[in-house]
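A.B. asks: My structure file target_2.cif, mmCIF, C-alpha atoms, is below:
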```cif
data_work
#
loop_
_atom_site.label_atom_id
_atom_site.label_comp_id
_atom_site.auth_asym_id
_atom_site.auth_seq_id
_atom_site.Cartn_x
_atom_site.Cartn_y
_atom_site.Cartn_z
CA MET A 10 109.56 90.45 76.11
CA LEU A 11 112.25 90.57 78.76
CA ASN A 12 115.05 93.08 78.42
CA TRP A 13 117.74 90.39 78.16
CA ASN A 14 121.00 91.08 76.32
CA LYS A 15 121.96 87.69 74.86
CA ASN A 16 125.48 88.82 73.95
CA LEU A 17 126.38 89.99 77.44
CA GLY A 18 124.14 87.61 79.43
CA ILE A 19 122.64 90.47 81.46
CA PHE A 20 119.43 92.46 81.69
CA ASN A 21 119.53 95.92 80.12
CA PHE A 22 118.04 98.44 82.51
CA LEU A 23 117.37 102.04 81.51
CA ASN A 24 116.21 102.97 85.01
CA GLU A 25 117.55 102.13 88.43
CA VAL A 26 114.26 102.93 90.19
CA SER A 27 110.86 103.82 88.77
CA PHE A 28 107.37 104.65 89.94
CA ILE A 29 104.24 104.77 87.82
CA GLY A 30 101.11 106.39 89.23
CA ALA A 31 99.32 109.65 89.83
CA THR A 32 100.86 112.21 92.13
CA SER A 33 99.69 112.92 95.65
CA GLU A 34 101.24 114.92 98.45
CA ARG A 35 102.29 111.75 100.25
CA ARG A 36 103.75 110.15 97.11
CA LEU A 37 105.60 113.35 96.27
CA GLY A 38 107.18 113.31 99.74
CA ILE A 39 108.39 109.73 99.29
CA ILE A 40 109.63 110.33 95.74
CA SER A 41 111.44 113.55 96.64
CA SER A 42 113.33 111.69 99.39
CA LEU A 43 114.66 109.35 96.66
CA LYS A 44 116.03 112.08 94.40
CA ASP A 45 119.59 110.76 94.69
CA TYR A 46 118.71 107.60 92.75
CA ASN A 47 118.42 107.20 88.99
CA LEU A 48 114.66 107.71 89.38
CA TYR A 49 112.07 107.70 86.62
CA ILE A 50 108.46 108.76 87.24
CA ALA A 51 105.43 108.30 84.99
CA GLY A 52 101.84 109.23 85.67
CA SER A 53 99.69 112.31 85.91
CA ASN A 54 100.51 115.65 87.52
CA TRP A 55 104.16 115.08 88.44
CA GLU A 56 105.62 118.01 86.50
CA LYS A 57 104.90 120.57 89.25
CA GLY A 58 106.25 118.47 92.09
CA VAL A 59 109.35 116.87 90.63
CA SER A 60 110.50 119.60 88.26
CA ALA A 61 112.31 121.19 91.22
CA PHE A 62 114.50 118.08 91.41
CA LYS A 63 116.77 117.98 88.38
CA GLU A 64 117.88 114.48 89.38
CA ILE A 65 114.39 113.00 88.85
CA ARG A 66 113.41 112.17 85.29
CA PHE A 67 109.71 112.04 84.53
CA ASN A 68 107.44 111.36 81.62
CA LYS A 69 106.35 114.86 80.62
CA ALA A 70 103.38 113.43 78.72
CA GLY A 71 101.90 112.27 82.03
CA TYR A 72 99.74 109.26 81.33
CA VAL A 73 101.40 106.16 79.85
CA ASN A 74 99.47 103.45 78.04
CA LYS A 75 99.55 99.81 79.16
CA ASN A 76 102.28 98.78 76.69
CA LYS A 77 104.56 101.66 77.72
CA MET A 78 103.91 100.88 81.39
CA LEU A 79 104.87 97.22 80.94
CA ASN A 80 108.04 98.27 79.08
CA ILE A 81 108.97 100.63 81.93
CA PHE A 82 108.60 97.77 84.43
CA GLN A 83 110.98 95.62 82.40
CA GLU A 84 113.44 98.46 81.82
CA THR A 85 113.73 99.15 85.55
CA LYS A 86 115.83 97.34 88.17
CA ILE A 87 113.55 98.35 91.06
CA ASN A 88 109.87 99.15 90.52
CA LEU A 89 108.24 101.00 93.40
CA ASN A 90 104.65 100.51 94.41
CA ILE A 91 103.45 103.37 96.60
CA LEU A 92 99.83 102.91 97.65
CA THR A 93 97.20 105.59 97.69
CA VAL A 94 96.51 105.46 101.42
CA GLU A 95 94.21 108.46 101.02
CA ASN A 96 91.88 105.95 99.34
CA ARG A 97 92.58 103.36 102.05
CA ASP A 98 94.36 101.13 99.52
CA LYS A 99 95.91 97.95 100.88
CA THR A 100 96.83 96.62 97.46
CA ASN A 101 96.50 97.73 93.85
CA LEU A 102 96.91 96.40 90.33
CA ARG A 103 100.63 97.27 90.33
CA ASN A 104 101.16 94.52 92.91
CA PHE A 105 100.20 92.07 90.15
CA GLU A 106 101.18 93.95 86.97
CA ILE A 107 104.83 94.32 87.98
CA PRO A 108 105.49 90.63 88.75
CA ALA A 109 103.41 89.58 85.71
CA THR A 110 106.22 91.10 83.60
CA CYS A 111 108.85 89.22 85.63
CA SER A 112 110.01 92.53 87.07
CA PHE A 113 111.22 93.32 90.60
CA GLN A 114 108.96 95.21 93.00
CA ILE A 115 109.35 96.96 96.34
CA ALA A 116 105.96 97.77 97.85
CA GLU A 117 104.55 99.10 101.08
CA ARG A 118 104.13 96.43 103.74
CA ASN A 119 100.62 95.65 104.99
CA GLU A 120 98.61 92.62 106.02
CA THR A 121 96.81 92.31 102.68
CA ILE A 122 99.82 92.11 100.36
CA ILE A 123 101.37 89.45 102.62
CA GLU A 124 98.31 87.28 101.86
CA TYR A 125 99.24 87.27 98.16
CA PHE A 126 103.05 87.16 98.09
CA LEU A 127 105.83 85.80 100.29
CA GLU A 128 107.95 88.65 101.62
CA ASP A 129 111.58 88.66 100.48
CA LYS A 130 110.89 85.62 98.27
CA GLU A 131 108.30 86.97 95.77
CA ILE A 132 108.09 90.64 96.73
CA VAL A 133 110.11 93.05 98.86
CA LEU A 134 108.25 95.25 101.35
CA TYR A 135 109.05 98.36 103.39
CA ASP A 136 107.52 100.33 106.27
CA SER A 137 109.53 103.55 106.24
CA ILE A 138 111.51 105.74 103.87
CA GLU A 139 114.71 104.73 105.68
CA GLU A 140 113.93 101.03 105.16
CA LEU A 141 113.01 101.73 101.52
CA LYS A 142 116.36 103.44 100.91
CA GLU A 143 118.25 100.57 102.55
CA LYS A 144 116.45 98.03 100.38
CA ILE A 145 117.00 100.04 97.20
CA GLU A 146 120.72 100.20 98.01
CA PHE A 147 120.89 96.47 98.68
CA TYR A 148 118.84 95.27 95.69
CA LYS A 149 120.39 97.57 93.11
CA ARG A 150 123.70 95.76 93.79
CA SER A 151 122.25 92.26 94.27
CA ASP A 152 121.35 91.20 90.74
CA SER A 153 120.97 87.46 91.35
CA ILE A 154 118.80 87.88 94.47
CA ARG A 155 116.71 90.59 92.80
CA ASN A 156 116.21 88.48 89.67
CA LYS A 157 115.25 85.41 91.73
CA ILE A 158 112.61 87.40 93.65
CA ALA A 159 111.27 88.82 90.36
CA LEU A 160 111.05 85.31 88.89
CA ASN A 161 109.35 83.93 92.02
CA GLY A 162 106.84 86.81 91.95
CA TYR A 163 106.17 86.09 88.29
CA LEU A 164 105.60 82.39 88.95
CA ARG A 165 103.28 83.18 91.86
CA THR A 166 101.29 85.62 89.72
CA ILE A 167 100.83 83.38 86.70
CA ASN A 168 100.15 80.23 88.74
CA SER A 169 97.57 81.81 91.06
CA ASP A 170 94.06 83.08 90.51
CA TYR A 171 95.18 86.72 90.56
CA SER A 172 93.83 87.65 87.12
CA LEU A 173 90.91 90.04 86.78
CA LYS A 174 88.97 87.27 85.06
CA SER A 175 89.47 84.94 88.04
CA ARG A 176 88.51 87.67 90.49
CA LEU A 177 85.32 88.51 88.58
CA LYS A 178 84.33 84.84 88.50
CA ARG A 179 84.73 84.69 92.29
CA ILE A 180 82.61 87.82 92.76
CA ILE A 181 79.86 86.47 90.49
CA LYS A 182 79.94 83.17 92.37
CA LEU A 183 79.52 85.03 95.68
CA PHE A 184 76.50 86.90 94.33
CA GLU A 185 74.95 83.70 92.97
CA PHE A 186 75.51 81.97 96.31
CA SER A 187 73.83 84.79 98.24
CA LYS A 188 70.59 84.56 96.18
#
```
Spit out the file's structure as structure tokens when you get a sec.
C.D. replies:
Amino acid sequence: MLNWNKNLGIFNFLNEVSFIGATSERRLGIISSLKDYNLYIAGSNWEKGVSAFKEIRFNKAGYVNKNKMLNIFQETKINLNILTVENRDKTNLRNFEIPATCSFQIAERNETIIEYFLEDKEIVLYDSIEELKEKIEFYKRSDSIRNKIALNGYLRTINSDYSLKSRLKRIIKLFEFSK
């Protein structure tokens, strides 16, 4: 269910910027540099790191279930996707979960994510905190562009073989082929 206000003809957003995921030292550094935004954080172990920043709101319960997570995506203008580079991540489920809810995403740029989505048409990417801040500033004021990118990302996600079921079928096929 999209957060559309029929009477006003606008989306209702509770959050300007959000991030959902477990804390790490690197993620904490990025998040703390964004403390001047209407930022909402959900995930495990954030209370120690962000409690020093009164400007950052966070889910004190830590973990959020799938339904709550999907609601947060839709209630947020700009959903951040910060990879766990400590695990050598190049992509994660958020890259697909966020657009599957027709929500807007800014993610870290790398060669893998560019294979799945068209930059600045279906997803917005960044390389540095400075670039991230510039893009947040631009897209929080650019409703029509932001909404078009979210819609394009949604269409790409639902019309591609990005589902877990499709991925598992491909893996099984690879194993069958190698026998």
A.B. asks: Can you tell me how far CA of Gly30 in chain A sits from CA of Asp45 in chain A, in Å to one decimal?
C.D. replies: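 Atom-to-atom, CA of Gly30 in chain A and CA of Asp45 in chain A are spaced 19.8 Å apart.
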A.B. asks: Using all atoms listed in the file, which residues sit within 6 Å of Ala51 in chain A once same-chain residues fewer than 6 positions away are excluded, as a ChimeraX atom specification?
C.D. replies: /A:29,67-68
A.B. asks: Do you have the CA of Ile145 in chain A-CA of Tyr163 in chain A distance handy?
C.D. replies: 19.8 Å
A.B. asks: If you count all atoms listed in the file, which residues fall within 10 Å of range 98-101 of chain A, apart from same-chain ones fewer than 5 positions away, as an NGL selection string?
C.D. replies: :A and (90-93 or 106 or 116-123 or 125)
A.B. asks: So what does the PyMOL selection byres ((chain A and resi 36) around 12) actually pick up in this one, as a VMD selection string?
C.D. replies: chain A and resid 28 to 35 37 to 43 50 52 54 to 55 58 to 59 89 to 95 117 138
A.B. asks: Output C-alpha atoms for every residue in that selection, as a tab-separated table (two decimals), keeping the file's coordinate frame.
C.D. replies:
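Result file follows (again_34.tsv):
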```tsv
chain	number	residue	atom	x	y	z
A	28	PHE	CA	107.37	104.65	89.94
A	29	ILE	CA	104.24	104.77	87.82
A	30	GLY	CA	101.11	106.39	89.23
A	31	ALA	CA	99.32	109.65	89.83
A	32	THR	CA	100.86	112.21	92.13
A	33	SER	CA	99.69	112.92	95.65
A	34	GLU	CA	101.24	114.92	98.45
A	35	ARG	CA	102.29	111.75	100.25
A	37	LEU	CA	105.60	113.35	96.27
A	38	GLY	CA	107.18	113.31	99.74
A	39	ILE	CA	108.39	109.73	99.29
A	40	ILE	CA	109.63	110.33	95.74
A	41	SER	CA	111.44	113.55	96.64
A	42	SER	CA	113.33	111.69	99.39
A	43	LEU	CA	114.66	109.35	96.66
A	50	ILE	CA	108.46	108.76	87.24
A	52	GLY	CA	101.84	109.23	85.67
A	54	ASN	CA	100.51	115.65	87.52
A	55	TRP	CA	104.16	115.08	88.44
A	58	GLY	CA	106.25	118.47	92.09
A	59	VAL	CA	109.35	116.87	90.63
A	89	LEU	CA	108.24	101.00	93.40
A	90	ASN	CA	104.65	100.51	94.41
A	91	ILE	CA	103.45	103.37	96.60
A	92	LEU	CA	99.83	102.91	97.65
A	93	THR	CA	97.20	105.59	97.69
A	94	VAL	CA	96.51	105.46	101.42
A	95	GLU	CA	94.21	108.46	101.02
A	117	GLU	CA	104.55	99.10	101.08
A	138	ILE	CA	111.51	105.74	103.87
```
A.B. asks: Measuring atom to atom with only C-alpha atoms, identify which of A:Leu79, A:Glu84, A:Ile132, A:Glu185 is nearest to Ile158 in chain A.
C.D. replies: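 When distances to Ile158 in chain A are compared using only C-alpha atoms, the smallest one comes from A:Ile132.
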A.B. asks: Quick one, how far is CA of Val133 in chain A from CA of Glu56 in chain A?
C.D. replies: 28.2 Å
A.B. asks: Evaluate the PyMOL selection byres ((chain A and resi 105) around 10) on the structure here and hand back the selected residues as a PyMOL selection string.
C.D. replies: chain A and resi 100-104+106-110+114+125-126+162-163+165-167+171-172
A.B. asks: Nearest to Phe113 in chain A: which of A:Gln83, A:Asn76, A:Asn96, A:Ser137 is it, counting only C-alpha atoms?
C.D. replies: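 Between A:Gln83, A:Asn76, A:Asn96, A:Ser137, the residue approaching Phe113 in chain A most closely is A:Gln83.
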